[in-house]
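J.: Enclosed is the structure file run.cif (mmCIF, C-alpha atoms and all ligand atoms).
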```cif
data_data
loop_
_atom_site.label_atom_id
_atom_site.label_comp_id
_atom_site.auth_asym_id
_atom_site.auth_seq_id
_atom_site.Cartn_x
_atom_site.Cartn_y
_atom_site.Cartn_z
CA MET A 1 76.04 70.29 77.72
CA GLY A 2 79.72 70.17 76.83
CA PHE A 3 82.38 72.48 78.20
CA SER A 4 86.12 72.79 78.14
CA VAL A 5 88.59 74.52 80.40
CA THR A 6 92.22 75.04 79.40
CA PRO A 7 94.65 77.80 80.34
CA TRP A 8 93.96 79.42 76.96
CA GLU A 9 90.22 79.05 76.61
CA VAL A 10 87.06 78.46 78.61
CA LYS A 11 84.06 77.27 76.62
CA GLY A 12 80.50 76.30 77.47
CA GLU A 13 78.75 75.86 80.78
CA VAL A 14 81.42 74.81 83.27
CA ASP A 15 80.38 71.99 85.56
CA TYR A 16 82.73 72.53 88.50
CA ASP A 17 81.96 69.21 90.14
CA ARG A 18 82.92 67.38 86.99
CA LEU A 19 86.03 69.52 86.72
CA ILE A 20 87.05 68.45 90.23
CA LYS A 21 86.95 64.84 89.08
CA GLU A 22 88.60 65.44 85.72
CA PHE A 23 91.42 67.53 87.15
CA GLY A 24 91.76 65.38 90.25
CA VAL A 25 91.64 68.31 92.68
CA GLU A 26 90.03 68.18 96.11
CA LYS A 27 86.90 70.00 97.14
CA ILE A 28 87.31 72.50 99.94
CA ASN A 29 85.18 70.94 102.66
CA GLU A 30 84.31 71.87 106.25
CA GLU A 31 87.31 70.01 107.59
CA VAL A 32 89.77 72.02 105.49
CA LEU A 33 87.96 75.23 106.38
CA ASN A 34 88.27 74.40 110.07
CA SER A 35 92.00 73.77 109.80
CA LEU A 36 92.39 77.07 107.98
CA LYS A 37 90.32 78.86 110.57
CA LYS A 38 92.70 77.82 113.34
CA HIS A 39 95.16 80.28 111.85
CA THR A 40 93.05 82.86 110.08
CA LYS A 41 90.39 83.16 112.81
CA ASP A 42 87.74 84.20 110.31
CA ILE A 43 86.89 82.59 106.99
CA HIS A 44 86.94 84.82 103.92
CA PHE A 45 83.53 85.11 102.26
CA MET A 46 85.02 83.77 99.03
CA LEU A 47 85.71 80.54 100.92
CA ARG A 48 82.34 80.48 102.68
CA ARG A 49 80.58 80.93 99.34
CA LYS A 50 82.72 78.38 97.49
CA VAL A 51 84.19 80.93 95.11
CA PHE A 52 87.42 79.29 96.16
CA PHE A 53 86.17 75.74 95.90
CA ALA A 54 89.09 73.38 95.31
CA HIS A 55 92.66 72.77 96.41
CA ARG A 56 95.65 70.51 96.25
CA ASP A 57 97.64 69.71 99.37
CA LEU A 58 96.34 72.56 101.49
CA LYS A 59 96.65 70.32 104.52
CA PHE A 60 100.34 69.80 103.82
CA ILE A 61 100.80 73.59 103.76
CA LEU A 62 99.02 74.00 107.09
CA ASN A 63 100.86 71.09 108.73
CA GLU A 64 104.21 72.53 107.73
CA TYR A 65 103.11 75.97 108.90
CA GLU A 66 102.21 74.53 112.28
CA LYS A 67 105.68 73.02 112.51
CA GLY A 68 107.18 76.44 111.87
CA ASN A 69 107.96 75.81 108.21
CA LYS A 70 106.32 78.84 106.62
CA PHE A 71 105.13 78.71 103.03
CA TYR A 72 105.17 81.46 100.43
CA LEU A 73 102.42 82.43 97.99
CA TYR A 74 102.79 82.43 94.23
CA THR A 75 100.37 83.78 91.64
CA GLY A 76 100.60 85.68 88.37
CA ARG A 77 99.28 87.57 85.42
CA ALA A 78 100.32 87.43 81.77
CA PRO A 79 100.21 91.06 80.56
CA SER A 80 98.06 91.05 77.42
CA GLY A 81 95.43 93.72 77.99
CA PRO A 82 93.84 95.86 80.66
CA VAL A 83 92.99 94.32 84.03
CA HIS A 84 89.30 93.71 84.70
CA ILE A 85 87.53 92.91 87.95
CA GLY A 86 87.58 89.17 87.18
CA HIS A 87 91.38 89.30 87.46
CA LEU A 88 91.20 91.11 90.79
CA LEU A 89 89.13 88.41 92.47
CA PRO A 90 91.92 85.85 93.13
CA TRP A 91 94.40 88.63 93.89
CA ILE A 92 92.18 90.08 96.61
CA PHE A 93 92.00 86.65 98.16
CA THR A 94 95.78 86.27 97.84
CA LYS A 95 96.21 89.53 99.74
CA TRP A 96 93.99 88.16 102.51
CA LEU A 97 96.19 85.06 102.74
CA GLN A 98 99.33 87.19 102.82
CA ASP A 99 97.95 89.24 105.71
CA LYS A 100 96.61 86.29 107.67
CA PHE A 101 99.75 84.17 107.44
CA ASP A 102 102.29 86.97 107.17
CA VAL A 103 104.06 85.33 104.23
CA GLU A 104 105.93 86.35 101.09
CA LEU A 105 104.20 86.58 97.74
CA TRP A 106 105.97 85.97 94.46
CA PHE A 107 103.91 87.52 91.69
CA GLN A 108 104.91 86.41 88.20
CA PHE A 109 104.38 88.55 85.11
CA PRO A 110 105.13 86.13 82.27
CA ASP A 111 105.39 88.88 79.69
CA GLU A 112 106.32 86.40 76.96
CA GLU A 113 103.28 84.12 77.45
CA LYS A 114 100.68 85.99 75.45
CA PHE A 115 103.32 87.16 72.97
CA LEU A 116 103.81 83.48 72.16
CA PHE A 117 100.15 82.50 72.22
CA LYS A 118 98.46 85.43 70.47
CA ASP A 119 98.83 86.39 66.84
CA ASN A 120 98.91 90.14 67.06
CA LEU A 121 100.56 91.02 70.34
CA THR A 122 104.03 92.58 70.16
CA PHE A 123 106.59 92.96 72.93
CA ASP A 124 105.88 96.69 72.83
CA ASP A 125 102.26 95.89 73.68
CA THR A 126 103.18 93.51 76.49
CA GLU A 127 105.59 96.07 77.95
CA LYS A 128 102.84 98.68 78.03
CA TYR A 129 100.37 96.27 79.67
CA LEU A 130 103.02 95.07 82.09
CA GLN A 131 103.47 98.63 83.39
CA GLU A 132 99.70 99.11 83.65
CA ASN A 133 98.96 95.70 85.19
CA MET A 134 101.60 96.13 87.90
CA LEU A 135 99.73 99.20 89.13
CA ASP A 136 96.54 97.17 89.60
CA VAL A 137 98.37 94.59 91.68
CA ILE A 138 100.10 97.20 93.83
CA ALA A 139 96.81 99.09 94.29
CA LEU A 140 95.39 96.09 96.15
CA GLY A 141 97.76 96.86 99.00
CA PHE A 142 100.35 94.09 98.91
CA ASP A 143 103.18 94.70 101.33
CA PRO A 144 106.25 95.72 99.27
CA LYS A 145 108.56 94.26 101.92
CA LYS A 146 106.99 90.85 101.39
CA THR A 147 106.02 90.93 97.71
CA LYS A 148 108.27 90.35 94.71
CA PHE A 149 107.42 90.81 91.05
CA LEU A 150 109.07 88.27 88.79
CA ILE A 151 109.05 89.46 85.17
CA ASP A 152 110.09 86.70 82.80
CA THR A 153 111.98 88.74 80.18
CA LYS A 154 113.62 90.97 82.78
CA ASN A 155 114.45 88.34 85.38
CA SER A 156 115.55 85.66 82.93
CA ASN A 157 119.01 85.71 84.52
CA ILE A 158 117.61 83.96 87.61
CA MET A 159 114.84 82.04 85.80
CA TYR A 160 116.20 80.56 82.61
CA LYS A 161 118.50 77.89 84.02
CA GLU A 162 115.74 76.69 86.33
CA ALA A 163 113.26 76.63 83.43
CA CYS A 164 115.68 74.45 81.47
CA LYS A 165 115.90 71.99 84.35
CA VAL A 166 112.11 71.76 84.24
CA ALA A 167 111.93 71.55 80.44
CA LYS A 168 114.34 68.63 80.44
CA LYS A 169 111.81 66.62 82.46
CA ILE A 170 108.82 67.29 80.16
CA THR A 171 108.25 65.57 76.84
CA PHE A 172 106.51 67.06 73.81
CA SER A 173 103.80 64.44 74.09
CA GLN A 174 103.05 65.42 77.72
CA VAL A 175 102.68 69.06 76.70
CA LYS A 176 100.45 68.11 73.80
CA SER A 177 98.07 66.15 75.97
CA SER A 178 98.10 68.59 78.92
CA PHE A 179 97.42 71.72 76.89
CA GLY A 180 95.87 70.57 73.63
CA LEU A 181 98.89 71.75 71.66
CA ASN A 182 99.81 70.00 68.41
CA GLU A 183 102.43 69.61 65.69
CA GLN A 184 101.55 73.05 64.35
CA SER A 185 102.07 74.82 67.68
CA ASN A 186 105.09 77.10 67.77
CA ILE A 187 107.92 75.82 69.93
CA GLY A 188 107.71 78.81 72.28
CA GLU A 189 104.25 77.65 73.28
CA ILE A 190 105.61 74.19 73.94
CA PHE A 191 108.37 75.53 76.21
CA TYR A 192 106.22 78.09 78.04
CA THR A 193 104.91 75.93 80.88
CA SER A 194 108.51 75.52 82.13
CA MET A 195 108.62 79.26 82.81
CA GLN A 196 105.34 79.19 84.73
CA THR A 197 106.77 76.38 86.86
CA VAL A 198 109.85 78.29 87.96
CA PRO A 199 108.28 80.54 90.64
CA ALA A 200 106.87 77.41 92.30
CA PHE A 201 110.41 76.61 93.50
CA LEU A 202 112.69 79.59 92.72
CA PRO A 203 112.66 80.94 96.31
CA SER A 204 113.84 77.52 97.49
CA VAL A 205 116.75 77.71 95.05
CA LEU A 206 117.64 81.28 95.98
CA LYS A 207 117.47 80.65 99.72
CA ASN A 208 118.93 77.18 99.43
CA LYS A 209 116.27 75.52 101.57
CA LYS A 210 113.01 73.76 100.83
CA ILE A 211 110.12 76.21 101.21
CA PRO A 212 106.51 75.09 100.70
CA CYS A 213 104.61 77.00 98.02
CA LEU A 214 100.89 77.76 97.86
CA ILE A 215 99.41 78.96 94.56
CA PRO A 216 96.05 80.75 94.58
CA HIS A 217 94.69 80.70 91.03
CA ALA A 218 91.61 80.35 88.83
CA VAL A 219 90.95 76.70 88.04
CA ASP A 220 91.94 77.03 84.36
CA GLN A 221 95.63 77.22 85.37
CA ASP A 222 95.57 73.80 86.99
CA PRO A 223 97.00 71.91 83.95
CA HIS A 224 100.25 73.86 84.36
CA PHE A 225 100.58 73.02 88.01
CA ARG A 226 99.60 69.39 87.57
CA LEU A 227 102.72 69.05 85.42
CA THR A 228 104.69 71.12 87.94
CA ARG A 229 103.69 68.74 90.69
CA ASP A 230 104.95 65.75 88.67
CA ILE A 231 108.29 67.33 88.05
CA LEU A 232 109.38 69.20 91.17
CA PRO A 233 110.02 66.14 93.35
CA LYS A 234 112.37 64.91 90.61
CA LEU A 235 114.32 68.14 91.05
CA GLY A 236 114.42 67.80 94.82
CA HIS A 237 111.65 70.29 95.61
CA TYR A 238 108.26 70.10 97.28
CA LYS A 239 105.19 69.77 95.09
CA PRO A 240 103.41 73.13 95.14
CA ALA A 241 99.98 73.25 96.79
CA SER A 242 97.14 75.25 95.31
CA ILE A 243 93.85 76.87 96.17
CA GLN A 244 91.56 77.38 93.21
CA CYS A 245 88.64 79.64 92.34
CA VAL A 246 85.81 79.65 89.81
CA PHE A 247 85.54 82.39 87.17
CA LEU A 248 83.69 85.62 87.71
CA PRO A 249 81.01 85.42 85.00
CA PRO A 250 81.07 87.91 82.14
CA LEU A 251 78.46 90.69 82.32
CA THR A 252 76.71 89.27 79.31
CA GLY A 253 75.91 85.81 80.64
CA ILE A 254 76.25 83.56 83.61
CA HIS A 255 78.58 81.06 81.94
CA GLY A 256 82.18 81.21 80.83
CA LYS A 257 84.74 83.75 81.90
CA MET A 258 85.11 87.49 81.61
CA SER A 259 87.29 88.40 78.67
CA ALA A 260 89.51 91.46 78.53
CA SER A 261 89.14 91.63 74.76
CA ASP A 262 85.34 91.80 74.88
CA GLU A 263 84.35 95.29 76.04
CA SER A 264 80.75 94.39 76.82
CA SER A 265 81.66 91.39 78.96
CA ALA A 266 84.09 93.14 81.29
CA ILE A 267 84.46 96.08 83.62
CA TYR A 268 88.01 97.34 83.59
CA THR A 269 89.71 98.75 86.65
CA THR A 270 90.02 102.09 84.87
CA ASP A 271 86.36 102.42 83.84
CA SER A 272 84.65 105.68 84.88
CA PRO A 273 81.40 105.75 86.89
CA GLU A 274 79.52 106.62 83.68
CA VAL A 275 80.94 103.64 81.83
CA ILE A 276 80.29 101.30 84.79
CA THR A 277 76.67 102.45 85.00
CA LYS A 278 76.14 102.12 81.30
CA LYS A 279 77.72 98.69 80.99
CA ILE A 280 75.79 97.21 83.91
CA ASN A 281 72.47 98.68 82.83
CA LYS A 282 72.94 97.71 79.24
CA TYR A 283 74.71 94.35 79.40
CA ALA A 284 74.32 92.68 82.80
CA PHE A 285 72.46 89.46 82.13
CA SER A 286 69.32 89.42 84.21
CA GLY A 287 67.38 86.67 85.94
CA GLY A 288 64.34 88.93 86.06
CA GLN A 289 60.99 88.61 84.29
CA ALA A 290 60.08 90.39 81.08
CA THR A 291 57.69 92.88 82.66
CA ILE A 292 57.38 94.45 86.12
CA GLU A 293 53.97 92.85 86.64
CA GLU A 294 55.31 89.43 85.84
CA HIS A 295 58.38 90.02 88.02
CA ARG A 296 56.24 91.02 91.00
CA LYS A 297 54.14 87.91 90.49
CA LYS A 298 56.75 85.23 89.71
CA GLY A 299 59.90 86.77 91.14
CA GLY A 300 63.41 86.71 89.64
CA ASN A 301 66.10 84.04 89.53
CA PRO A 302 69.23 85.23 91.39
CA ASP A 303 71.10 82.02 90.51
CA ILE A 304 71.43 83.07 86.88
CA ASP A 305 71.49 86.83 87.46
CA VAL A 306 74.95 88.28 86.83
CA SER A 307 74.42 91.33 89.06
CA TYR A 308 73.50 89.09 91.97
CA GLN A 309 76.40 86.73 91.28
CA TRP A 310 78.87 89.60 91.22
CA LEU A 311 77.57 90.72 94.61
CA ARG A 312 77.87 87.18 95.93
CA MET A 313 81.34 86.52 94.58
CA PHE A 314 82.97 89.91 95.03
CA PHE A 315 81.10 93.02 96.06
CA GLU A 316 78.88 92.15 99.06
CA PRO A 317 80.87 90.47 101.84
CA ASP A 318 78.03 90.81 104.35
CA ASP A 319 76.08 87.52 104.43
CA LYS A 320 72.96 89.06 105.92
CA LYS A 321 72.73 91.81 103.33
CA LEU A 322 73.33 89.33 100.56
CA GLU A 323 70.65 86.99 101.83
CA LYS A 324 68.13 89.80 101.92
CA ILE A 325 68.94 90.72 98.33
CA TYR A 326 68.57 87.06 97.34
CA ASN A 327 65.20 86.68 99.01
CA ASP A 328 63.84 90.01 97.83
CA TYR A 329 64.82 89.30 94.26
CA LYS A 330 63.40 85.82 94.34
CA SER A 331 60.11 87.00 95.78
CA GLY A 332 59.74 89.79 93.24
CA LYS A 333 60.04 92.55 95.81
CA LEU A 334 63.33 93.70 94.31
CA LEU A 335 63.27 94.64 90.63
CA THR A 336 66.10 94.06 88.17
CA GLY A 337 66.74 97.80 87.85
CA GLU A 338 67.01 98.07 91.63
CA LEU A 339 69.36 95.12 91.86
CA LYS A 340 71.53 96.65 89.17
CA ALA A 341 71.55 99.95 91.07
CA ILE A 342 72.90 98.15 94.16
CA LEU A 343 75.69 96.61 92.09
CA ILE A 344 76.50 99.88 90.31
CA GLU A 345 76.93 101.63 93.65
CA LYS A 346 79.25 98.88 94.94
CA VAL A 347 81.38 98.65 91.81
CA THR A 348 81.65 102.41 91.49
CA SER A 349 82.81 102.98 95.04
CA PHE A 350 85.22 100.05 94.90
CA LEU A 351 86.79 101.27 91.67
CA LYS A 352 86.95 104.88 92.83
CA GLU A 353 89.17 103.76 95.72
CA HIS A 354 91.10 101.40 93.48
CA GLN A 355 91.80 104.14 90.95
CA LYS A 356 93.15 106.43 93.68
CA LYS A 357 95.49 103.74 94.92
CA ARG A 358 96.43 102.91 91.34
CA GLU A 359 97.68 106.48 90.89
CA LEU A 360 99.73 106.28 94.09
CA ALA A 361 101.12 102.93 92.91
CA LYS A 362 103.04 104.67 90.11
CA LYS A 363 105.66 105.79 92.62
CA GLN A 364 105.92 102.38 94.24
CA VAL A 365 106.68 100.05 91.36
CA SER A 366 110.44 99.92 91.94
CA LYS A 367 109.93 98.58 95.48
CA PHE A 368 108.43 95.40 94.06
CA LEU A 369 111.02 94.68 91.38
CA ILE A 370 113.79 92.16 91.93
N1 LIG B 401 99.14 82.06 82.86
C1 LIG B 401 98.58 83.12 83.65
C2 LIG B 401 97.77 84.08 82.74
O1 LIG B 401 97.41 83.74 81.67
C3 LIG B 401 99.64 83.90 84.37
C4 LIG B 401 100.29 83.17 85.51
C5 LIG B 401 101.63 82.89 85.64
C6 LIG B 401 99.66 82.66 86.67
N2 LIG B 401 101.88 82.27 86.79
C7 LIG B 401 100.69 82.08 87.46
C8 LIG B 401 98.34 82.65 87.13
C9 LIG B 401 100.42 81.50 88.69
C10 LIG B 401 98.06 82.05 88.35
C11 LIG B 401 99.10 81.47 89.13
O2 LIG B 401 97.47 85.19 83.09
#
```
Have the structure of the file written as structure tokens, please.

T.:
Amino acid sequence: MGFSVTPWEVKGEVDYDRLIKEFGVEKINEEVLNSLKKHTKDIHFMLRRKVFFAHRDLKFILNEYEKGNKFYLYTGRAPSGPVHIGHLLPWIFTKWLQDKFDVELWFQFPDEEKFLFKDNLTFDDTEKYLQENMLDVIALGFDPKKTKFLIDTKNSNIMYKEACKVAKKITFSQVKSSFGLNEQSNIGEIFYTSMQTVPAFLPSVLKNKKIPCLIPHAVDQDPHFRLTRDILPKLGHYKPASIQCVFLPPLTGIHGKMSASDESSAIYTTDSPEVITKKINKYAFSGGQATIEEHRKKGGNPDIDVSYQWLRMFFEPDDKKLEKIYNDYKSGKLLTGELKAILIEKVTSFLKEHQKKRELAKKQVSKFLI
């Protein structure tokens, strides 16, 4: 079956092994995990379970770190709608990295990106989503002393010159082939990748010394950073390293990626317990059998069951508990309704906490701005 992954669209059944070859990224293997573990002591379950599955130059980052040359983290979010739990996944992992390595995080909000790429999104819309989305990031507990929000239209005074230096090194034909853009694309779209490159070296410019950069991101953003890695050495900077995750599947099916514009595919961070319960019961794609009798006899298939996959990728960090759920579902002991009830409980209690912290975040925003 065919599939395609670009920063703007994910289609079909993604074959991550093929993607590793096509993109030219490296698999996260035992050796890399062991080098990480020297510093982090434990290994995050998202690494153990290959939710974060690929990287570029992670060994370089760790070597430099061991020499006392600390890296910083860079990730981002283009404000274009409400945040859903699929967005939170890489950010939670980023927070873990920040804590383990005690490093700075530069979080980019390219508030022009989706304005340029979507037909009906105004700057009033992006401003509203920017304010909302910042709360979700803050709610995850990033340290304001070590975390900076870079907002493209507000911080253009420090970004624009650097973006132009990048843009001067990229040709139209490179952008066309990297992103599937064409002669009809608007010229803002063509320029945009230069802005997403800037945070991969801006701290080095501002502090006037070469600082390694590690970018945790979902694998669809790799085309941007492949270009970035070509260009930065030409500007006298390190190539950024990256650590890349798969997509949290939409509620409605095991393939593709959760979409903020499709209500039935996503659970938003602001959903109430009633809405969470209803969405999971109604939409969560199930690997169970058609009837209880059949399920007891043949068992379910956790590998294609969205509720199970959400537990594996996000909501059940305990390996033993997860294994029991896997086995019980597979044997038919655990019914689909019961599996969904486990997930509903987890999501509800996670989001209840998140929503509390999101409220408190309203008073904190200014601490993160540059
Ligand atoms: N392009 C990303 C989006 O669509 C936003 C983004 C900007 C980003 N810089 C990043 C994502 C760095 C991951 C890493 O939301």

J.: Grab me every residue within 8 Å of ligand LIG 401 (chain B), counting all atoms listed in the file, and send it over as number ranges by chain.

T.: A: 7-8, 74-79, 107-110, 113-114, 196-197, 199, 215-218, 221

J.: Using C-alpha atoms, can you export the residues from the last selection as an mmCIF file, in the frame of the given file?

T.:
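This is the output file again_21.cif:
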```
data_model
loop_
_atom_site.group_PDB
_atom_site.id
_atom_site.type_symbol
_atom_site.label_atom_id
_atom_site.label_comp_id
_atom_site.auth_asym_id
_atom_site.auth_seq_id
_atom_site.Cartn_x
_atom_site.Cartn_y
_atom_site.Cartn_z
ATOM 1 C CA PRO A 7 94.650 77.800 80.340
ATOM 2 C CA TRP A 8 93.960 79.420 76.960
ATOM 3 C CA TYR A 74 102.790 82.430 94.230
ATOM 4 C CA THR A 75 100.370 83.780 91.640
ATOM 5 C CA GLY A 76 100.600 85.680 88.370
ATOM 6 C CA ARG A 77 99.280 87.570 85.420
ATOM 7 C CA ALA A 78 100.320 87.430 81.770
ATOM 8 C CA PRO A 79 100.210 91.060 80.560
ATOM 9 C CA PHE A 107 103.910 87.520 91.690
ATOM 10 C CA GLN A 108 104.910 86.410 88.200
ATOM 11 C CA PHE A 109 104.380 88.550 85.110
ATOM 12 C CA PRO A 110 105.130 86.130 82.270
ATOM 13 C CA GLU A 113 103.280 84.120 77.450
ATOM 14 C CA LYS A 114 100.680 85.990 75.450
ATOM 15 C CA GLN A 196 105.340 79.190 84.730
ATOM 16 C CA THR A 197 106.770 76.380 86.860
ATOM 17 C CA PRO A 199 108.280 80.540 90.640
ATOM 18 C CA ILE A 215 99.410 78.960 94.560
ATOM 19 C CA PRO A 216 96.050 80.750 94.580
ATOM 20 C CA HIS A 217 94.690 80.700 91.030
ATOM 21 C CA ALA A 218 91.610 80.350 88.830
ATOM 22 C CA GLN A 221 95.630 77.220 85.370
#
```

J.: Hey, can you pull every residue with an atom no more than 12 Å from (97.9, 70.5, 101.5), using all atoms listed in the file, and send it as a PyMOL selection string?

T.: chain A and resi 25-28+32+35-36+54-65+71+212-215+238-243

J.: With 12 Å as the threshold, what does the neighbourhood of (104.4, 94.7, 82.3) contain in terms of residues, counting all atoms listed in the file? Coordinates are those of the file; answer as an MDAnalysis selection string.

T.: chainID A and resid 76:83 107:114 123:137 149:154 365 369

J.: Of the residues A:Asp220, A:Glu274, A:Glu359, A:Glu323, which is the one nearest to Val10 of chain A, using all atoms listed in the file?

T.: A:Asp220

J.: One decimal, in Å: what's the spacing between atom CA of Met46 of chain A and atom CA of Ile267 of chain A?

T.: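 About the pair atom CA of Met46 of chain A and atom CA of Ile267 of chain A: they are 19.7 Å apart.
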
J.: Residues within 8 Å of Pro249 of chain A, please, as a PyMOL selection string. Count all atoms listed in the file; anything in the same chain fewer than 2 positions from it doesn't count.

T.: chain A and resi 86+247+251+253-258+306+309-310

J.: Tell me which of A:Arg312, A:Arg226, A:Arg48, A:Lys165 sits closest to Lys324 of chain A, counting all atoms listed in the file.

T.: A:Arg312

J.: Rounded to one decimal place, report the atom CA of Leu47 of chain A-atom CA of Leu33 of chain A distance in Å.

T.: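 Computed distance, atom CA of Leu47 of chain A to atom CA of Leu33 of chain A, equals 7.9 Å.
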
J.: When you look at Lys340 of chain A with a cut-off of 7 Å (counting only C-alpha atoms), what residues show up, excluding the ones that are within fewer than 6 positions of it in the same chain? I need them as a ChimeraX atom specification.

T.: /A:280-281,307

J.: May I ask for the distance between atom CA of Ser331 of chain A and atom CA of Gly288 of chain A, given in Å to one decimal place?

T.: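 Straight-line distance from atom CA of Ser331 of chain A to atom CA of Gly288 of chain A works out to 10.8 Å.
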
J.: Rank A:Arg229, A:Lys169, A:Met159, A:Ser264 by their smallest atom-to-atom distance to Val198 of chain A, using only C-alpha atoms, and report the top residue only.

T.: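 Between A:Arg229, A:Lys169, A:Met159, A:Ser264, the residue approaching Val198 of chain A most closely is A:Met159.
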
J.: Let me make sure I understand: among A:Asn157, A:Gln244, A:Asn182, A:Thr269, which one has the smallest atom-to-atom distance to Leu88 of chain A if we use only C-alpha atoms?

T.: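 When distances to Leu88 of chain A are compared using only C-alpha atoms, the smallest one comes from A:Thr269.
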
J.: Just the residues within 12 Å of Ala341 of chain A, please, counting only C-alpha atoms, with nothing from its chain fewer than 2 positions along; format it as a list in words.

T.: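 Once the nearby chain positions are removed, what remains is Ile276, Thr277, Lys278, Lys279, Ile280, Asn281, Ala284, Ser307, Tyr308, Leu311, Leu334, Leu335, Thr336, Gly337, Glu338, Leu339, Leu343, Ile344, Glu345, Lys346, Val347 and Thr348 of chain A.
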
J.: Mind completing segment 283-296 of chain A with N, CA, C and O atoms? Output as a PDB file, in the coordinates of the input, please?

T.:
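The result, written out as result32.pdb:
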```
ATOM      1  N   TYR A 283      74.278  95.714  79.710  1.00  0.00           N
ATOM      2  CA  TYR A 283      74.710  94.350  79.400  1.00  0.00           C
ATOM      3  C   TYR A 283      74.466  93.299  80.478  1.00  0.00           C
ATOM      4  O   TYR A 283      74.447  92.110  80.168  1.00  0.00           O
ATOM      5  N   ALA A 284      74.341  93.710  81.740  1.00  0.00           N
ATOM      6  CA  ALA A 284      74.320  92.680  82.800  1.00  0.00           C
ATOM      7  C   ALA A 284      73.147  91.733  82.598  1.00  0.00           C
ATOM      8  O   ALA A 284      71.976  92.135  82.656  1.00  0.00           O
ATOM      9  N   PHE A 285      73.473  90.480  82.373  1.00  0.00           N
ATOM     10  CA  PHE A 285      72.460  89.460  82.130  1.00  0.00           C
ATOM     11  C   PHE A 285      71.563  89.345  83.353  1.00  0.00           C
ATOM     12  O   PHE A 285      72.042  89.272  84.487  1.00  0.00           O
ATOM     13  N   SER A 286      70.248  89.327  83.096  1.00  0.00           N
ATOM     14  CA  SER A 286      69.320  89.420  84.210  1.00  0.00           C
ATOM     15  C   SER A 286      68.500  88.153  84.374  1.00  0.00           C
ATOM     16  O   SER A 286      68.099  87.513  83.397  1.00  0.00           O
ATOM     17  N   GLY A 287      68.257  87.803  85.639  1.00  0.00           N
ATOM     18  CA  GLY A 287      67.380  86.670  85.940  1.00  0.00           C
ATOM     19  C   GLY A 287      65.964  87.140  86.217  1.00  0.00           C
ATOM     20  O   GLY A 287      65.165  86.417  86.804  1.00  0.00           O
ATOM     21  N   GLY A 288      65.658  88.359  85.799  1.00  0.00           N
ATOM     22  CA  GLY A 288      64.340  88.930  86.060  1.00  0.00           C
ATOM     23  C   GLY A 288      63.322  88.556  84.991  1.00  0.00           C
ATOM     24  O   GLY A 288      63.656  87.965  83.969  1.00  0.00           O
ATOM     25  N   GLN A 289      62.073  88.900  85.251  1.00  0.00           N
ATOM     26  CA  GLN A 289      60.990  88.610  84.290  1.00  0.00           C
ATOM     27  C   GLN A 289      60.878  89.739  83.268  1.00  0.00           C
ATOM     28  O   GLN A 289      61.421  90.822  83.454  1.00  0.00           O
ATOM     29  N   ALA A 290      60.151  89.464  82.204  1.00  0.00           N
ATOM     30  CA  ALA A 290      60.080  90.390  81.080  1.00  0.00           C
ATOM     31  C   ALA A 290      59.385  91.707  81.429  1.00  0.00           C
ATOM     32  O   ALA A 290      59.756  92.770  80.940  1.00  0.00           O
ATOM     33  N   THR A 291      58.385  91.651  82.274  1.00  0.00           N
ATOM     34  CA  THR A 291      57.690  92.880  82.660  1.00  0.00           C
ATOM     35  C   THR A 291      57.668  92.999  84.192  1.00  0.00           C
ATOM     36  O   THR A 291      57.848  92.002  84.901  1.00  0.00           O
ATOM     37  N   ILE A 292      57.421  94.221  84.668  1.00  0.00           N
ATOM     38  CA  ILE A 292      57.380  94.450  86.120  1.00  0.00           C
ATOM     39  C   ILE A 292      56.261  93.624  86.754  1.00  0.00           C
ATOM     40  O   ILE A 292      56.452  93.001  87.797  1.00  0.00           O
ATOM     41  N   GLU A 293      55.109  93.609  86.088  1.00  0.00           N
ATOM     42  CA  GLU A 293      53.970  92.850  86.640  1.00  0.00           C
ATOM     43  C   GLU A 293      54.335  91.391  86.832  1.00  0.00           C
ATOM     44  O   GLU A 293      54.096  90.789  87.881  1.00  0.00           O
ATOM     45  N   GLU A 294      54.940  90.838  85.785  1.00  0.00           N
ATOM     46  CA  GLU A 294      55.310  89.430  85.840  1.00  0.00           C
ATOM     47  C   GLU A 294      56.368  89.181  86.917  1.00  0.00           C
ATOM     48  O   GLU A 294      56.355  88.182  87.619  1.00  0.00           O
ATOM     49  N   HIS A 295      57.300  90.144  87.028  1.00  0.00           N
ATOM     50  CA  HIS A 295      58.380  90.020  88.020  1.00  0.00           C
ATOM     51  C   HIS A 295      57.809  90.025  89.433  1.00  0.00           C
ATOM     52  O   HIS A 295      58.194  89.232  90.279  1.00  0.00           O
ATOM     53  N   ARG A 296      56.873  90.949  89.662  1.00  0.00           N
ATOM     54  CA  ARG A 296      56.240  91.020  91.000  1.00  0.00           C
ATOM     55  C   ARG A 296      55.529  89.711  91.322  1.00  0.00           C
ATOM     56  O   ARG A 296      55.528  89.252  92.450  1.00  0.00           O
TER      57      ARG A 296
END
```
